[in-house]
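Novice: Take this structure, written in structure tokens, and hold onto it; I'll ask about it next.
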Amino acid sequence: MAPNLEAEAPHNNFDTILVLDFGSQTSHLILRRLRALGVFAELLPCTTKIADLTWKPKGIVFSGGPSSVYDDGAPHVDPAVFELNVPILGICYGCQEIAWRINSANVARGDTREYGHADVKITKVNSHVDRLFAGMGDAISVFMSHFDKLVSLPEGFVVIAATKNSEFAGIAHQEKPIFGVQFHPELEHTPRGTEILRNFSVDICGAEPNWKMGDFVQLEIARIRELVGDRALVIGAVSGGVDSTVGATIMKAAIGDRFKSVLINNGCMRLNECEEVKETLGKHLGIDLTVVEAGELFLSRLAGVSDPEKKRKIIGSTFIDLFEKEAIRIEKDAENTPNSGKVEWFLQGTLYPDVIESLSFRGPSATIKTHHNVGGLPERMMNGQGLRLIEPLRLLFKDEVRAIGRQLGIHESLVMRHPFPGPGIAIRILGDVTKERAEIARRADNIFITMIKEAGLYDQISQAFAGLDTNRSVGVFGDQRVWGYIVILRAVRTKDFMSAEAFNFDNAFLANVSRTICNQVDGVARVVYDLTSKPPGTIELE
Ligand SMILES: Nc1ncnc2c1ncn2[C@@H]1O[C@H](COP(=O)(O)OP(=O)(O)OP(=O)(O)O)[C@@H](O)[C@H]1O
Ligand SMILES: O=c1[nH]c(=O)c2[nH+]cn([C@@H]3O[C@H](COP(=O)(O)O)[C@@H](O)[C@H]3O)c2[nH]1
Ligand SMILES: NC(=O)CC[C@H](N)C(=O)O
Ligand SMILES: [Mg+2]
């Protein structure tokens, strides 16, 4: 990598808070809250060696985590963080880590688990330590989630907050800007948590809250130009989903026609999707999209396969086969044109949650499903083709990507589009996929989504679709016996797609959808609505 590339990184252009991740489910929320305040933040594993950091954070947050500081093998920070002389805020495990480092006897297993709401009494000390809860009065309501607790006050610290159960719910060093809280300011259930994070980052760390997405796009365009240089070609897998659309728009702005975008019709796309995506991208964003018609190939490889993981693997590897071919075709087509060059880069719409998962000090969490995005595992493709990955959105969350999409003038209907998985309808058909079944699911899905839009509910729902149970059920249509498939309607609300609840339609709406699908889609005998939340269910059917 050219050394000047680093100059474009946000942490060198914005005051940045470093969040060291101890593996909490909510670590990423600390970043989101900070970024929403306009303070840029990055997350790194708690085991990061401070000597390896190429930039200096304005302050450091230690996240919560599932371990217990006193256990063998529990994760601990590099002691050098305390020598950076920047403010530190420990949250839950992070607070216990601060106390444990001073004396391991400071932390012990509690008698009871404290989970949920707690009232915290704020103690004024009349020194610098009051800054963390400045403006918050005597008491705040917070969310707790812990078992271990501080049993004594670390040497050199004072108490700044307490609850009935936790005598040391908030601590601060008498002289140094080191703070710890037992509760979780990053959660919405701590209503004034954002103010605490603001007090910490802006007032205590002195970070200027000037992180703006617009600047980010400009920096990213500059970074891409440096990376790609002025000859290489970039191939991008573009699905019409918001991530790849935003990625492609940034790439197009950076290198113009040397960016080649490809959409693969895997035979499992939604109704008229490929045509619509091609038209929208071309008309509104000036992106020339090549649609590779490969429905027959995918369906022939999927024939007779009902195991969900096998289906995903087949689709993933077929995507790669086709992208390899496309890369070669693109180079050939570019020969003897002003844009002749080698395809050296592969654009991927990776978002920060994926990056965070792979950065975790414990490695990626257990595989429930292999997520076969095209970009998910293009290793063979990258090696075979000598391609390198380029990921303009790798530091962003979905809502930030949506905000950038709006800023780039991408139409609201694209920006707010429900996510659609790479394997498409194939993982919404329980059982093996055939052309007929894909067509039935596609038509039922189109009716459901159209009716949701007409009812003005689309933006209240995070993701909705119709899938198919290939078991068949008996029905009676106009005095005739029918033996048809079962359509499964699914609609969920979720913030992060990690957990979700079924959307509450009224019955009349669902009955209307059911009637319309039975009437208009041949081969369907019954329509059901899935009420399972996630967990235990997942959002997709497979
Ligand atoms: N049919 C397809 N043709 C080409 N690329 C695809 C296709 N389906 C998925 N991809 C690629 O896989 C990536 C991951 O898919 P994913 O669904 O997570 O993101 P997205 O489609 O961009 O956005 P969204 O999450 O809103 O659907 C996409 O960004 C795109 O690069
Ligand atoms: O690009 C994708 N390739 C996949 O293989 C895949 N599987 C699930 N998803 C999407 O991920 C989110 C969570 O889905 P699950 O609850 O079913 O795991 C939901 O938004 C799903 O649509 C996928 N996206
Ligand atoms: N949420 C947390 O960080 C929990 C920390 C620690 N595992 C405890 O139970 O107290
Ligand atoms: Mg998608």
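Each chain in the structure tokens gets a letter, A, B and so on, in the order shown; residues start at 1 in every chain, and ligands are counted from 1 in the order they appear.
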Compile the contact shell of Pro66 in chain A as an mmCIF file with N, CA, C and O atoms, in the first residue's frame: residues with an atom at most 10 Å away, counting only C-alpha atoms, same-chain residues fewer than 5 positions apart removed.

Specialist:
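Result file is around.cif:
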data_model
loop_
_atom_site.group_PDB
_atom_site.id
_atom_site.type_symbol
_atom_site.label_atom_id
_atom_site.label_comp_id
_atom_site.auth_asym_id
_atom_site.auth_seq_id
_atom_site.Cartn_x
_atom_site.Cartn_y
_atom_site.Cartn_z
ATOM 1 N N PHE A 22 -14.355 -5.818 23.957
ATOM 2 C CA PHE A 22 -14.205 -7.026 24.774
ATOM 3 C C PHE A 22 -15.265 -8.067 24.431
ATOM 4 O O PHE A 22 -15.494 -8.991 25.189
ATOM 5 N N GLY A 23 -15.952 -7.863 23.319
ATOM 6 C CA GLY A 23 -16.869 -8.906 22.840
ATOM 7 C C GLY A 23 -18.322 -8.721 23.230
ATOM 8 O O GLY A 23 -19.119 -9.638 23.095
ATOM 9 N N SER A 24 -18.698 -7.538 23.706
ATOM 10 C CA SER A 24 -20.098 -7.332 24.066
ATOM 11 C C SER A 24 -20.982 -7.320 22.809
ATOM 12 O O SER A 24 -20.541 -6.921 21.736
ATOM 13 N N GLN A 25 -22.220 -7.756 22.986
ATOM 14 C CA GLN A 25 -23.185 -7.701 21.878
ATOM 15 C C GLN A 25 -23.474 -6.251 21.499
ATOM 16 O O GLN A 25 -24.044 -5.982 20.451
ATOM 17 N N ALA A 74 -9.236 -14.721 30.435
ATOM 18 C CA ALA A 74 -10.092 -13.560 30.149
ATOM 19 C C ALA A 74 -9.265 -12.530 29.380
ATOM 20 O O ALA A 74 -8.052 -12.411 29.593
ATOM 21 N N CYS A 92 -18.982 -1.410 31.975
ATOM 22 C CA CYS A 92 -19.260 -2.757 32.473
ATOM 23 C C CYS A 92 -17.977 -3.584 32.572
ATOM 24 O O CYS A 92 -17.135 -3.292 33.394
ATOM 25 N N TYR A 93 -17.776 -4.593 31.700
ATOM 26 C CA TYR A 93 -16.508 -5.338 31.759
ATOM 27 C C TYR A 93 -15.335 -4.366 31.699
ATOM 28 O O TYR A 93 -14.332 -4.532 32.386
ATOM 29 N N HIS A 146 -25.053 -7.272 34.318
ATOM 30 C CA HIS A 146 -23.799 -7.842 34.834
ATOM 31 C C HIS A 146 -24.042 -8.773 35.996
ATOM 32 O O HIS A 146 -25.122 -8.802 36.586
ATOM 33 N N PHE A 147 -23.003 -9.520 36.309
ATOM 34 C CA PHE A 147 -23.029 -10.452 37.420
ATOM 35 C C PHE A 147 -21.883 -10.087 38.361
ATOM 36 O O PHE A 147 -22.045 -9.942 39.557
#

Novice: Give me the residues near Ile390 in chain A as a PyMOL selection string, where near means some atom within 12 Å (using only C-alpha atoms) and where sequence neighbours in that chain fewer than 2 positions away do not count.

Specialist: chain A and resi 220-221+223-228+233-237+244+247-248+250-251+259+344-351+375+382+387-388+392-394

Novice: Find, counting only C-alpha atoms, the residue in A:Pro353, A:Gly241, A:Gly304, A:Gly282 that gets nearest to Phe420 in chain A.

Specialist: A:Gly241

Novice: Excluding Glu97 in chain A and its own-chain neighbours fewer than 3 positions away, which residues fall within 12 Å of it when counting only C-alpha atoms? Please give them as a VMD selection string.

Specialist: chain A and resid 20 22 46 61 to 65 67 to 71 74 to 79 88 to 94 100 to 108 148 to 150 154 178 to 182

Novice: Residues at most 6 Å from range 265-268 of chain A, counting only C-alpha atoms, excluding those fewer than 2 positions away in the same chain, as a PyMOL selection string?

Specialist: chain A and resi 292-295+298+424-426

Novice: What does the distance from CA of Val305 in chain A to CA of Ile427 in chain A come to in Å, to one decimal?

Specialist: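 Distance between the two atoms: 11.4 Å.
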
Novice: As a list of chain:residue names, please: the residues near Glu331 in chain A (cut-off 9 Å, only C-alpha atoms, same-chain neighbours under 2 positions excluded).

Specialist: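 Close residues of Glu331 in chain A: A:Leu233, A:Glu326, A:Ala327, A:Ile328, A:Arg329, A:Asp333, A:Ala334, A:Glu335, A:Ser340, A:Gly341, A:Lys342, A:Val343.
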
Novice: Hey, can you spit out that residue selection with all heavy atoms as a CSV table (one decimal), in the first residue's frame?

Specialist:
chain,number,residue,atom,x,y,z
A,233,LEU,N,-8.7,-1.5,-14.0
A,233,LEU,CA,-10.1,-1.6,-14.1
A,233,LEU,C,-10.7,-2.2,-12.8
A,233,LEU,O,-9.9,-3.0,-12.1
A,233,LEU,CB,-10.6,-2.4,-15.3
A,233,LEU,CG,-10.0,-2.0,-16.7
A,233,LEU,CD1,-10.5,-3.0,-17.7
A,233,LEU,CD2,-10.5,-0.6,-17.0
A,326,GLU,N,-16.6,-12.9,-16.2
A,326,GLU,CA,-16.8,-11.5,-16.5
A,326,GLU,C,-15.6,-10.7,-16.5
A,326,GLU,O,-15.4,-9.8,-17.3
A,326,GLU,CB,-17.9,-11.0,-15.6
A,326,GLU,CG,-19.3,-11.3,-15.9
A,326,GLU,CD,-19.7,-10.9,-17.3
A,326,GLU,OE1,-19.7,-9.7,-17.6
A,326,GLU,OE2,-19.9,-11.8,-18.1
A,327,ALA,N,-14.7,-11.0,-15.5
A,327,ALA,CA,-13.5,-10.2,-15.4
A,327,ALA,C,-12.7,-10.3,-16.7
A,327,ALA,O,-12.1,-9.4,-17.3
A,327,ALA,CB,-12.7,-10.7,-14.2
A,328,ILE,N,-12.6,-11.6,-17.2
A,328,ILE,CA,-11.9,-11.8,-18.5
A,328,ILE,C,-12.5,-11.1,-19.6
A,328,ILE,O,-11.9,-10.4,-20.5
A,328,ILE,CB,-11.8,-13.3,-18.7
A,328,ILE,CG1,-10.9,-14.0,-17.6
A,328,ILE,CG2,-11.2,-13.6,-20.1
A,328,ILE,CD1,-11.0,-15.5,-17.5
A,329,ARG,N,-13.9,-11.2,-19.7
A,329,ARG,CA,-14.6,-10.5,-20.8
A,329,ARG,C,-14.4,-9.0,-20.8
A,329,ARG,O,-14.1,-8.4,-21.8
A,329,ARG,CB,-16.1,-10.8,-20.7
A,329,ARG,CG,-16.9,-10.1,-21.8
A,329,ARG,CD,-18.4,-10.0,-21.5
A,329,ARG,NE,-18.8,-9.4,-20.3
A,329,ARG,CZ,-18.9,-8.1,-20.1
A,329,ARG,NH1,-18.6,-7.2,-21.0
A,329,ARG,NH2,-19.3,-7.6,-18.9
A,333,ASP,N,-13.0,-6.7,-23.8
A,333,ASP,CA,-13.7,-5.7,-24.3
A,333,ASP,C,-13.0,-4.3,-24.3
A,333,ASP,O,-13.2,-3.4,-25.1
A,333,ASP,CB,-15.1,-5.5,-23.6
A,333,ASP,CG,-16.1,-6.6,-23.9
A,333,ASP,OD1,-15.7,-7.5,-24.8
A,333,ASP,OD2,-17.2,-6.6,-23.4
A,334,ALA,N,-12.2,-4.2,-23.2
A,334,ALA,CA,-11.5,-2.9,-23.1
A,334,ALA,C,-10.3,-2.7,-23.9
A,334,ALA,O,-9.8,-1.6,-24.1
A,334,ALA,CB,-11.1,-2.7,-21.6
A,335,GLU,N,-9.8,-3.9,-24.5
A,335,GLU,CA,-8.6,-3.8,-25.3
A,335,GLU,C,-8.8,-2.8,-26.5
A,335,GLU,O,-9.9,-2.7,-27.0
A,335,GLU,CB,-8.3,-5.2,-26.0
A,335,GLU,CG,-7.4,-6.1,-25.1
A,335,GLU,CD,-7.3,-7.5,-25.6
A,335,GLU,OE1,-7.6,-7.7,-26.8
A,335,GLU,OE2,-7.0,-8.4,-24.8
A,340,SER,N,-8.3,0.7,-21.8
A,340,SER,CA,-7.8,-0.7,-21.8
A,340,SER,C,-6.9,-0.8,-20.5
A,340,SER,O,-6.3,0.1,-20.1
A,340,SER,CB,-6.9,-1.0,-23.0
A,340,SER,OG,-5.8,-0.2,-23.0
A,341,GLY,N,-7.0,-2.0,-19.9
A,341,GLY,CA,-6.2,-2.2,-18.7
A,341,GLY,C,-6.6,-3.6,-18.1
A,341,GLY,O,-7.4,-4.3,-18.7
A,342,LYS,N,-6.0,-3.8,-17.0
A,342,LYS,CA,-6.3,-5.1,-16.3
A,342,LYS,C,-7.3,-4.9,-15.2
A,342,LYS,O,-7.3,-3.9,-14.5
A,342,LYS,CB,-5.0,-5.7,-15.7
A,342,LYS,CG,-4.3,-6.8,-16.5
A,342,LYS,CD,-3.2,-7.5,-15.8
A,342,LYS,CE,-3.7,-8.5,-14.7
A,342,LYS,NZ,-4.6,-9.6,-15.2
A,343,VAL,N,-8.2,-5.9,-15.1
A,343,VAL,CA,-9.1,-5.8,-13.9
A,343,VAL,C,-8.3,-6.2,-12.7
A,343,VAL,O,-7.9,-7.4,-12.6
A,343,VAL,CB,-10.3,-6.8,-14.1
A,343,VAL,CG1,-11.2,-6.7,-12.9
A,343,VAL,CG2,-11.1,-6.4,-15.4

Novice: Mind running chain A against ligand 2 at 10 Å and telling me each contacting residue's nearest atom pair with the distance in Å (one decimal), counting only C-alpha atoms and all ligand atoms, chain and number ascending, as JSON lines?

Specialist:
{"residue": "A:Ser239", "atom": "CA", "partner": "ligand 2", "partner_atom_place_in_ligand_line": "1 (O)", "distance": 9.5}
{"residue": "A:Gly241", "atom": "CA", "partner": "ligand 2", "partner_atom_place_in_ligand_line": "1 (O)", "distance": 9.3}
{"residue": "A:Pro308", "atom": "CA", "partner": "ligand 2", "partner_atom_place_in_ligand_line": "5 (O)", "distance": 10.0}
{"residue": "A:Glu309", "atom": "CA", "partner": "ligand 2", "partner_atom_place_in_ligand_line": "5 (O)", "distance": 9.3}
{"residue": "A:Lys311", "atom": "CA", "partner": "ligand 2", "partner_atom_place_in_ligand_line": "5 (O)", "distance": 9.7}
{"residue": "A:Arg312", "atom": "CA", "partner": "ligand 2", "partner_atom_place_in_ligand_line": "5 (O)", "distance": 6.5}
{"residue": "A:Lys313", "atom": "CA", "partner": "ligand 2", "partner_atom_place_in_ligand_line": "5 (O)", "distance": 9.2}
{"residue": "A:Ile315", "atom": "CA", "partner": "ligand 2", "partner_atom_place_in_ligand_line": "5 (O)", "distance": 9.2}
{"residue": "A:Gly316", "atom": "CA", "partner": "ligand 2", "partner_atom_place_in_ligand_line": "5 (O)", "distance": 8.5}
{"residue": "A:Thr367", "atom": "CA", "partner": "ligand 2", "partner_atom_place_in_ligand_line": "18 (O)", "distance": 9.8}
{"residue": "A:Ile368", "atom": "CA", "partner": "ligand 2", "partner_atom_place_in_ligand_line": "18 (O)", "distance": 7.3}
{"residue": "A:Lys369", "atom": "CA", "partner": "ligand 2", "partner_atom_place_in_ligand_line": "18 (O)", "distance": 6.4}
{"residue": "A:Thr370", "atom": "CA", "partner": "ligand 2", "partner_atom_place_in_ligand_line": "5 (O)", "distance": 6.1}
{"residue": "A:His371", "atom": "CA", "partner": "ligand 2", "partner_atom_place_in_ligand_line": "5 (O)", "distance": 3.4}
{"residue": "A:His372", "atom": "CA", "partner": "ligand 2", "partner_atom_place_in_ligand_line": "5 (O)", "distance": 4.0}
{"residue": "A:Asn373", "atom": "CA", "partner": "ligand 2", "partner_atom_place_in_ligand_line": "1 (O)", "distance": 4.3}
{"residue": "A:Val374", "atom": "CA", "partner": "ligand 2", "partner_atom_place_in_ligand_line": "1 (O)", "distance": 7.7}
{"residue": "A:Gly375", "atom": "CA", "partner": "ligand 2", "partner_atom_place_in_ligand_line": "1 (O)", "distance": 8.8}
{"residue": "A:Gly376", "atom": "CA", "partner": "ligand 2", "partner_atom_place_in_ligand_line": "3 (N)", "distance": 8.0}
{"residue": "A:His418", "atom": "CA", "partner": "ligand 2", "partner_atom_place_in_ligand_line": "20 (O)", "distance": 7.8}
{"residue": "A:Pro419", "atom": "CA", "partner": "ligand 2", "partner_atom_place_in_ligand_line": "20 (O)", "distance": 5.2}
{"residue": "A:Phe420", "atom": "CA", "partner": "ligand 2", "partner_atom_place_in_ligand_line": "22 (O)", "distance": 5.1}
{"residue": "A:Pro421", "atom": "CA", "partner": "ligand 2", "partner_atom_place_in_ligand_line": "24 (N)", "distance": 3.5}
{"residue": "A:Gly422", "atom": "CA", "partner": "ligand 2", "partner_atom_place_in_ligand_line": "1 (O)", "distance": 4.1}
{"residue": "A:Pro423", "atom": "CA", "partner": "ligand 2", "partner_atom_place_in_ligand_line": "5 (O)", "distance": 5.6}
{"residue": "A:Gly424", "atom": "CA", "partner": "ligand 2", "partner_atom_place_in_ligand_line": "3 (N)", "distance": 7.7}
{"residue": "A:Ala426", "atom": "CA", "partner": "ligand 2", "partner_atom_place_in_ligand_line": "5 (O)", "distance": 9.8}
{"residue": "A:Ile427", "atom": "CA", "partner": "ligand 2", "partner_atom_place_in_ligand_line": "7 (N)", "distance": 7.7}
{"residue": "A:Arg428", "atom": "CA", "partner": "ligand 2", "partner_atom_place_in_ligand_line": "17 (O)", "distance": 9.6}
{"residue": "A:Ser462", "atom": "CA", "partner": "ligand 2", "partner_atom_place_in_ligand_line": "20 (O)", "distance": 8.4}
{"residue": "A:Gln463", "atom": "CA", "partner": "ligand 2", "partner_atom_place_in_ligand_line": "20 (O)", "distance": 6.8}
{"residue": "A:Ala464", "atom": "CA", "partner": "ligand 2", "partner_atom_place_in_ligand_line": "22 (O)", "distance": 9.2}
{"residue": "A:Phe465", "atom": "CA", "partner": "ligand 2", "partner_atom_place_in_ligand_line": "22 (O)", "distance": 9.6}
{"residue": "A:Val492", "atom": "CA", "partner": "ligand 2", "partner_atom_place_in_ligand_line": "20 (O)", "distance": 9.7}
{"residue": "A:Thr494", "atom": "CA", "partner": "ligand 2", "partner_atom_place_in_ligand_line": "20 (O)", "distance": 9.4}
{"residue": "A:Asp496", "atom": "CA", "partner": "ligand 2", "partner_atom_place_in_ligand_line": "12 (C)", "distance": 8.7}
{"residue": "A:Phe497", "atom": "CA", "partner": "ligand 2", "partner_atom_place_in_ligand_line": "13 (C)", "distance": 5.2}
{"residue": "A:Met498", "atom": "CA", "partner": "ligand 2", "partner_atom_place_in_ligand_line": "13 (C)", "distance": 6.6}
{"residue": "A:Ser499", "atom": "CA", "partner": "ligand 2", "partner_atom_place_in_ligand_line": "16 (O)", "distance": 7.6}
{"residue": "A:Ala500", "atom": "CA", "partner": "ligand 2", "partner_atom_place_in_ligand_line": "16 (O)", "distance": 8.1}
{"residue": "A:Ser533", "atom": "CA", "partner": "ligand 2", "partner_atom_place_in_ligand_line": "16 (O)", "distance": 9.7}
{"residue": "A:Lys534", "atom": "CA", "partner": "ligand 2", "partner_atom_place_in_ligand_line": "16 (O)", "distance": 6.8}
{"residue": "A:Pro535", "atom": "CA", "partner": "ligand 2", "partner_atom_place_in_ligand_line": "16 (O)", "distance": 8.4}
{"residue": "A:Pro536", "atom": "CA", "partner": "ligand 2", "partner_atom_place_in_ligand_line": "16 (O)", "distance": 9.7}
{"residue": "A:Gly537", "atom": "CA", "partner": "ligand 2", "partner_atom_place_in_ligand_line": "16 (O)", "distance": 7.3}
{"residue": "A:Thr538", "atom": "CA", "partner": "ligand 2", "partner_atom_place_in_ligand_line": "16 (O)", "distance": 3.7}
{"residue": "A:Ile539", "atom": "CA", "partner": "ligand 2", "partner_atom_place_in_ligand_line": "16 (O)", "distance": 3.6}
{"residue": "A:Glu540", "atom": "CA", "partner": "ligand 2", "partner_atom_place_in_ligand_line": "17 (O)", "distance": 3.6}
{"residue": "A:Leu541", "atom": "CA", "partner": "ligand 2", "partner_atom_place_in_ligand_line": "17 (O)", "distance": 6.6}
{"residue": "A:Glu542", "atom": "CA", "partner": "ligand 2", "partner_atom_place_in_ligand_line": "17 (O)", "distance": 6.6}

Novice: How many Å lie between CA of Val217 in chain A and atom 26 (O, counted along the ligand's line) of ligand 1, rounded to one decimal?

Specialist: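 Pair CA of Val217 in chain A / atom 26 (O, counted along the ligand's line) of ligand 1 returns 18.9 Å.
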
Novice: Write out as a PyMOL selection string each polymer residue whose atoms come within 8 Å of range 192-201 of chain A, counting only C-alpha atoms; drop sequence neighbours fewer than 4 positions from it.

Specialist: chain A and resi 17+33-34+37+39+58-59+89+131-134+140-142+184-188+205-207

Novice: Mind pulling up the distance from CA of Gly467 in chain A to CA of Ile488 in chain A?

Specialist: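 Answer for the CA of Ile488 in chain A to CA of Gly467 in chain A separation: 5.0 Å.
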
Novice: Give me, as a ChimeraX atom specification, the residues of range 146-354 of chain A that a backbone DSSP run labels strand (DSSP E).

Specialist: /A:146-150,157-162,170-173,178-181,233-237,259-265,289-293,343-347

Novice: For the alpha helix (DSSP H) assignment from backbone DSSP, which residues of range 268-479 of chain A qualify? Please present them as a ChimeraX atom specification.

Specialist: /A:273-285,295-302,308-334,352-359,379-385,398-407,412-415,435-454

Novice: With only C-alpha atoms as the counted atoms, please give the residues lying no more than 9 Å from range 9-13 of chain A, apart from itself and same-chain residues fewer than 3 positions off, as a list in words.

Specialist: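 Everything that qualifies: Leu5, Glu6, Thr16, Ile17, Phe40, Ala41, Glu42, Trp55, Lys56, Pro57, Trp211, Phe216, Leu219, Glu220 and Arg223 of chain A.
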
Novice: Now that the selection is made, can you save its residues with C-alpha atoms as a tab-separated table (two decimals), in the first residue's frame?

Specialist:
chain	number	residue	atom	x	y	z
A	5	LEU	CA	-3.08	6.31	1.54
A	6	GLU	CA	-3.23	6.36	5.28
A	16	THR	CA	-11.33	9.76	16.69
A	17	ILE	CA	-12.35	7.77	19.74
A	40	PHE	CA	-15.78	9.60	14.59
A	41	ALA	CA	-15.04	6.29	16.30
A	42	GLU	CA	-13.33	3.06	15.35
A	55	TRP	CA	-2.84	7.04	14.72
A	56	LYS	CA	-3.51	8.60	18.09
A	57	PRO	CA	-7.04	8.42	19.47
A	211	TRP	CA	-17.58	13.97	11.52
A	216	PHE	CA	-16.27	10.82	4.24
A	219	LEU	CA	-12.03	11.17	1.39
A	220	GLU	CA	-13.12	7.78	0.12
A	223	ARG	CA	-8.52	7.02	-1.36

Novice: Which of these residues is nearest to Glu114 in chain A, using only C-alpha atoms: A:Met451, A:Leu395, A:Ala161, A:Ala169?

Specialist: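 Nearest to Glu114 in chain A: A:Ala169.
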
Novice: Using only C-alpha atoms for the distances, tell me which of A:Tyr458, A:Phe143, A:Phe448, A:Phe397 is nearest to Leu510 in chain A.

Specialist: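 Closest to Leu510 in chain A, using only C-alpha atoms: A:Phe448.
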
Novice: With only C-alpha atoms and all ligand atoms as the basis for distance, which of A:Ala232, A:Val151, A:Ile320, A:Leu53 is at the shortest distance from ligand 1?

Specialist: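 Checking each of A:Ala232, A:Val151, A:Ile320, A:Leu53 against ligand 1, counting only C-alpha atoms and all ligand atoms, the winner is A:Ile320.
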